[in-house]
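Colleague: I have a structure I would like to understand better, so I am pasting it below and will then ask my questions one at a time.
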Amino acid sequence: MIKAIFLDIDGTMVSFDTHRMPEDTASALCEARSRGVKLFVATGRQRGDINNLGDMEFDGYITLNGSCCLVGDKVIFRKSIPKEDIVAFVRYQEENGIIPCFFVETDAISANTRADIMERMRELICFPPRPVVSMDELMQREIYQLTAFFSQEAEPEVMRQMPHCTATRWYPTFADVVAKGVEKCVGLEMMGAYFGIRPEEMMAIGDGGNDISMLRYAGIGVAMGNSDEEVKQAADYVTSSIDEGGVAQALHHFEII
């Protein structure tokens with residue numbers, strides 16, 4: 001019996017085309033919650049940037065790809081990127097050229113430069129402009145995630161500079177870099193321990209590479225129809241796309257609603 005559903009935001013609960021939660025998704029989730037199923041957000045966004053879910057109520061938030069997990073205002077887990085990896089990333093850019101990047105804290109996001117590729121990402125998910133901050137200042141802050149715009153081909157070389165970190169992608173132009181050992185599945189584990197919910201009682205729904213770990217961890221992993229093939233291969237079930245009622249279809253398929 002499924003007692004909790006963990007959902008990604010962009011491309012899963014929210015359409016990239018409308019930047020809103022489709023009505024069929026909202027109705028399905030409200031019905032599931034009315035039946036006693038707990039709902040959790042599992043996103044790469046920070047808590048303050050969850051701005052597109054309307055008045056939907058959730059029981060907890062796995063943010064920054066698992067780097068910071070909250071129940072209400074209570075932080076039940078967080079892990080930042082080691083300072084030496086941030087310093088090494090900055091030094092690498094001093095020698096090899098700027099890598100456009102958003103430096104994400106728990107309650108703020110700053111950029112190291114302005115670039116068209118960053119603006120296109122902001123427009124994709126309706127983020128507000130971010131202040132540009134000097135590298136020296138960024139090295140002094142506690143950073144939980146880097147949203148860094150390097151290619152997949154350059155990724156091995158860049159990540160060698162940050163040995164205590166891992167990178168995942170949910171869009172081809174950038175990677176989300178977090179501390180090693182942090183994934184969305186860590187958030188599922190923490191929420192499970194907090195609420196007394198076992199993995200086999202969980203469903204996870206997502207569409208990006210950063211969702212793979214939670215799809216594999218949950219008793220039922222659902223990939224959206226708009227997912228890449230790698231994500232679909234990690235899932236127990238592939239539903240339709242976000243704009244074709246994918247979340248509602250999955251909940252009906254597994255008789256949650």
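Letters A, B, ... mark the chains of the structure tokens in the order given; residue numbers begin at 1 per chain; ligand numbers begin at 1, in order shown.
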Please provide as a VMD selection string all residues within 12 Å of Glu229 of chain A, with the sequence filter that same-chain residues fewer than 5 positions apart are discarded (counting only C-alpha atoms).
Modeller: chain A and resid 207 to 209 212 223 to 224 234 to 235 238
Colleague: Next, write the just-selected residues to a file, as a CSV table (one decimal), in the first residue's frame, keeping N, CA, C and O atoms as the atom set.
Modeller:
```
chain,number,residue,atom,x,y,z
A,207,ASP,N,11.2,13.0,-14.0
A,207,ASP,CA,11.5,13.0,-15.5
A,207,ASP,C,12.9,13.3,-15.8
A,207,ASP,O,13.3,13.2,-17.0
A,208,GLY,N,13.8,13.6,-14.8
A,208,GLY,CA,15.1,14.0,-15.2
A,208,GLY,C,16.2,13.0,-14.6
A,208,GLY,O,15.9,12.2,-13.8
A,209,GLY,N,17.4,13.2,-15.0
A,209,GLY,CA,18.5,12.4,-14.5
A,209,GLY,C,18.7,12.5,-13.1
A,209,GLY,O,19.1,11.5,-12.4
A,212,ILE,N,16.6,9.8,-11.0
A,212,ILE,CA,16.8,8.3,-11.1
A,212,ILE,C,17.0,7.6,-9.8
A,212,ILE,O,16.4,6.6,-9.5
A,223,ALA,N,8.3,7.1,-14.3
A,223,ALA,CA,9.0,8.1,-15.2
A,223,ALA,C,7.9,8.7,-16.1
A,223,ALA,O,7.0,8.0,-16.6
A,224,MET,N,8.0,10.0,-16.2
A,224,MET,CA,7.1,10.7,-17.1
A,224,MET,C,7.4,10.4,-18.6
A,224,MET,O,8.5,10.0,-18.9
A,234,ALA,N,15.1,3.3,-15.6
A,234,ALA,CA,15.2,3.2,-14.1
A,234,ALA,C,13.8,3.0,-13.4
A,234,ALA,O,13.8,2.7,-12.2
A,235,ALA,N,12.7,3.2,-14.2
A,235,ALA,CA,11.4,3.2,-13.6
A,235,ALA,C,10.7,1.9,-13.7
A,235,ALA,O,11.1,1.0,-14.5
A,238,VAL,N,6.2,3.7,-16.9
A,238,VAL,CA,6.3,4.9,-17.7
A,238,VAL,C,4.9,5.4,-18.0
A,238,VAL,O,4.1,4.7,-18.6
```
Colleague: Find the spatial neighbours of Asp211 of chain A, counting only C-alpha atoms, within a cut-off of 9 Å - ignore same-chain residues fewer than 2 positions away - and output them as a PyMOL selection string.
Modeller: chain A and resi 8+42-43+65+170+183-185+204-209+213-216+223+231
Colleague: Taking only C-alpha atoms into account, which of A:Leu146, A:Ile76, A:Val41, A:Met1 comes nearest Tyr194 of chain A?
Modeller: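 The closest residue to Tyr194 of chain A is A:Ile76.
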Colleague: Using only C-alpha atoms, determine which residues lie at most 8 Å from Cys68 of chain A, disregarding the query and same-chain residues fewer than 3 positions distant; provide the list as a PDB file with N, CA and C atoms, in the first residue's frame.
Modeller:
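The resulting file, part_34.pdb, is reproduced below:
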```pdb
ATOM      1  N   ILE A  62      11.927  17.992  -0.188  1.00  0.00           N
ATOM      2  CA  ILE A  62      13.311  17.596  -0.460  1.00  0.00           C
ATOM      3  C   ILE A  62      13.816  18.592  -1.494  1.00  0.00           C
ATOM      4  N   THR A  63      14.709  19.478  -1.076  1.00  0.00           N
ATOM      5  CA  THR A  63      15.158  20.551  -1.955  1.00  0.00           C
ATOM      6  C   THR A  63      16.637  20.377  -2.300  1.00  0.00           C
ATOM      7  N   LEU A  64      17.059  21.113  -3.330  1.00  0.00           N
ATOM      8  CA  LEU A  64      18.453  21.109  -3.754  1.00  0.00           C
ATOM      9  C   LEU A  64      18.958  19.682  -3.968  1.00  0.00           C
ATOM     10  N   ASN A  65      18.105  18.871  -4.614  1.00  0.00           N
ATOM     11  CA  ASN A  65      18.455  17.481  -4.951  1.00  0.00           C
ATOM     12  C   ASN A  65      18.820  16.644  -3.734  1.00  0.00           C
ATOM     13  N   VAL A  75      14.283  21.788   9.534  1.00  0.00           N
ATOM     14  CA  VAL A  75      15.266  21.119   8.689  1.00  0.00           C
ATOM     15  C   VAL A  75      15.603  19.775   9.315  1.00  0.00           C
ATOM     16  N   ILE A  76      15.326  18.690   8.589  1.00  0.00           N
ATOM     17  CA  ILE A  76      15.629  17.367   9.137  1.00  0.00           C
ATOM     18  C   ILE A  76      16.927  16.792   8.571  1.00  0.00           C
ATOM     19  N   PHE A  77      17.457  17.433   7.512  1.00  0.00           N
ATOM     20  CA  PHE A  77      18.753  17.002   6.959  1.00  0.00           C
ATOM     21  C   PHE A  77      19.283  18.113   6.072  1.00  0.00           C
ATOM     22  N   ARG A  78      20.579  18.342   6.142  1.00  0.00           N
ATOM     23  CA  ARG A  78      21.215  19.210   5.149  1.00  0.00           C
ATOM     24  C   ARG A  78      22.700  18.901   5.082  1.00  0.00           C
ATOM     25  N   LYS A  79      23.267  19.096   3.909  1.00  0.00           N
ATOM     26  CA  LYS A  79      24.687  18.846   3.696  1.00  0.00           C
ATOM     27  C   LYS A  79      25.185  19.757   2.585  1.00  0.00           C
ATOM     28  N   THR A 106      20.936  27.891   0.981  1.00  0.00           N
ATOM     29  CA  THR A 106      19.598  27.426   1.364  1.00  0.00           C
ATOM     30  C   THR A 106      18.546  28.492   1.142  1.00  0.00           C
TER      31      THR A 106
END
```
Colleague: In terms of the shortest atom-to-atom distance over only C-alpha atoms, which of A:Pro163, A:Pro100, A:Pro129, A:Gly36 is closest to Ser151 of chain A?
Modeller: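 Result for the nearest residue to Ser151 of chain A: A:Pro100.
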Colleague: Report the distance between atom CA of His253 of chain A and atom CA of Thr239 of chain A in Å, rounded to one decimal place.
Modeller: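 These atoms are spaced 9.0 Å apart.
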Colleague: Smallest atom-to-atom distance to Ile256 of chain A: which of A:Cys126, A:Ile2, A:Met190, A:Val177, using only C-alpha atoms?
Modeller: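 Answer, going by the shortest atom-to-atom distance: A:Ile2.
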Colleague: Could you pull the residues within 9 Å of Ala108 of chain A, counting only C-alpha atoms, minus those fewer than 5 positions along the same chain, as a PDB file with all heavy atoms, in the first residue's frame?
Modeller:
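Saved to part-v3.pdb:
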```
ATOM      1  N   GLN A  46      15.597  25.408  -4.558  1.00  0.00           N
ATOM      2  CA  GLN A  46      15.616  25.712  -3.126  1.00  0.00           C
ATOM      3  C   GLN A  46      14.192  26.039  -2.699  1.00  0.00           C
ATOM      4  O   GLN A  46      13.311  26.313  -3.533  1.00  0.00           O
ATOM      5  CB  GLN A  46      16.563  26.883  -2.816  1.00  0.00           C
ATOM      6  CG  GLN A  46      16.126  28.192  -3.423  1.00  0.00           C
ATOM      7  CD  GLN A  46      16.987  29.377  -3.003  1.00  0.00           C
ATOM      8  OE1 GLN A  46      16.532  30.506  -3.078  1.00  0.00           O
ATOM      9  NE2 GLN A  46      18.209  29.141  -2.570  1.00  0.00           N
ATOM     10  N   GLY A  48      12.701  28.555  -1.320  1.00  0.00           N
ATOM     11  CA  GLY A  48      12.158  29.855  -1.684  1.00  0.00           C
ATOM     12  C   GLY A  48      11.825  30.005  -3.146  1.00  0.00           C
ATOM     13  O   GLY A  48      11.121  30.947  -3.534  1.00  0.00           O
ATOM     14  N   PHE A 103      25.426  29.826  -7.796  1.00  0.00           N
ATOM     15  CA  PHE A 103      25.869  29.294  -6.515  1.00  0.00           C
ATOM     16  C   PHE A 103      24.669  29.343  -5.569  1.00  0.00           C
ATOM     17  O   PHE A 103      24.161  30.421  -5.247  1.00  0.00           O
ATOM     18  CB  PHE A 103      27.025  30.124  -5.958  1.00  0.00           C
ATOM     19  CG  PHE A 103      28.319  29.946  -6.706  1.00  0.00           C
ATOM     20  CD1 PHE A 103      28.482  30.435  -8.001  1.00  0.00           C
ATOM     21  CD2 PHE A 103      29.392  29.287  -6.121  1.00  0.00           C
ATOM     22  CE1 PHE A 103      29.677  30.268  -8.691  1.00  0.00           C
ATOM     23  CE2 PHE A 103      30.588  29.114  -6.795  1.00  0.00           C
ATOM     24  CZ  PHE A 103      30.736  29.603  -8.087  1.00  0.00           C
ATOM     25  N   ARG A 130      19.279  36.939 -10.914  1.00  0.00           N
ATOM     26  CA  ARG A 130      20.139  36.701  -9.746  1.00  0.00           C
ATOM     27  C   ARG A 130      21.286  37.710  -9.724  1.00  0.00           C
ATOM     28  O   ARG A 130      21.838  38.052 -10.775  1.00  0.00           O
ATOM     29  CB  ARG A 130      20.726  35.295  -9.791  1.00  0.00           C
ATOM     30  CG  ARG A 130      19.698  34.193  -9.969  1.00  0.00           C
ATOM     31  CD  ARG A 130      18.667  34.176  -8.841  1.00  0.00           C
ATOM     32  NE  ARG A 130      17.773  33.025  -8.949  1.00  0.00           N
ATOM     33  CZ  ARG A 130      16.763  32.772  -8.137  1.00  0.00           C
ATOM     34  NH1 ARG A 130      16.497  33.590  -7.140  1.00  0.00           N
ATOM     35  NH2 ARG A 130      16.001  31.708  -8.314  1.00  0.00           N
TER      36      ARG A 130
END
```
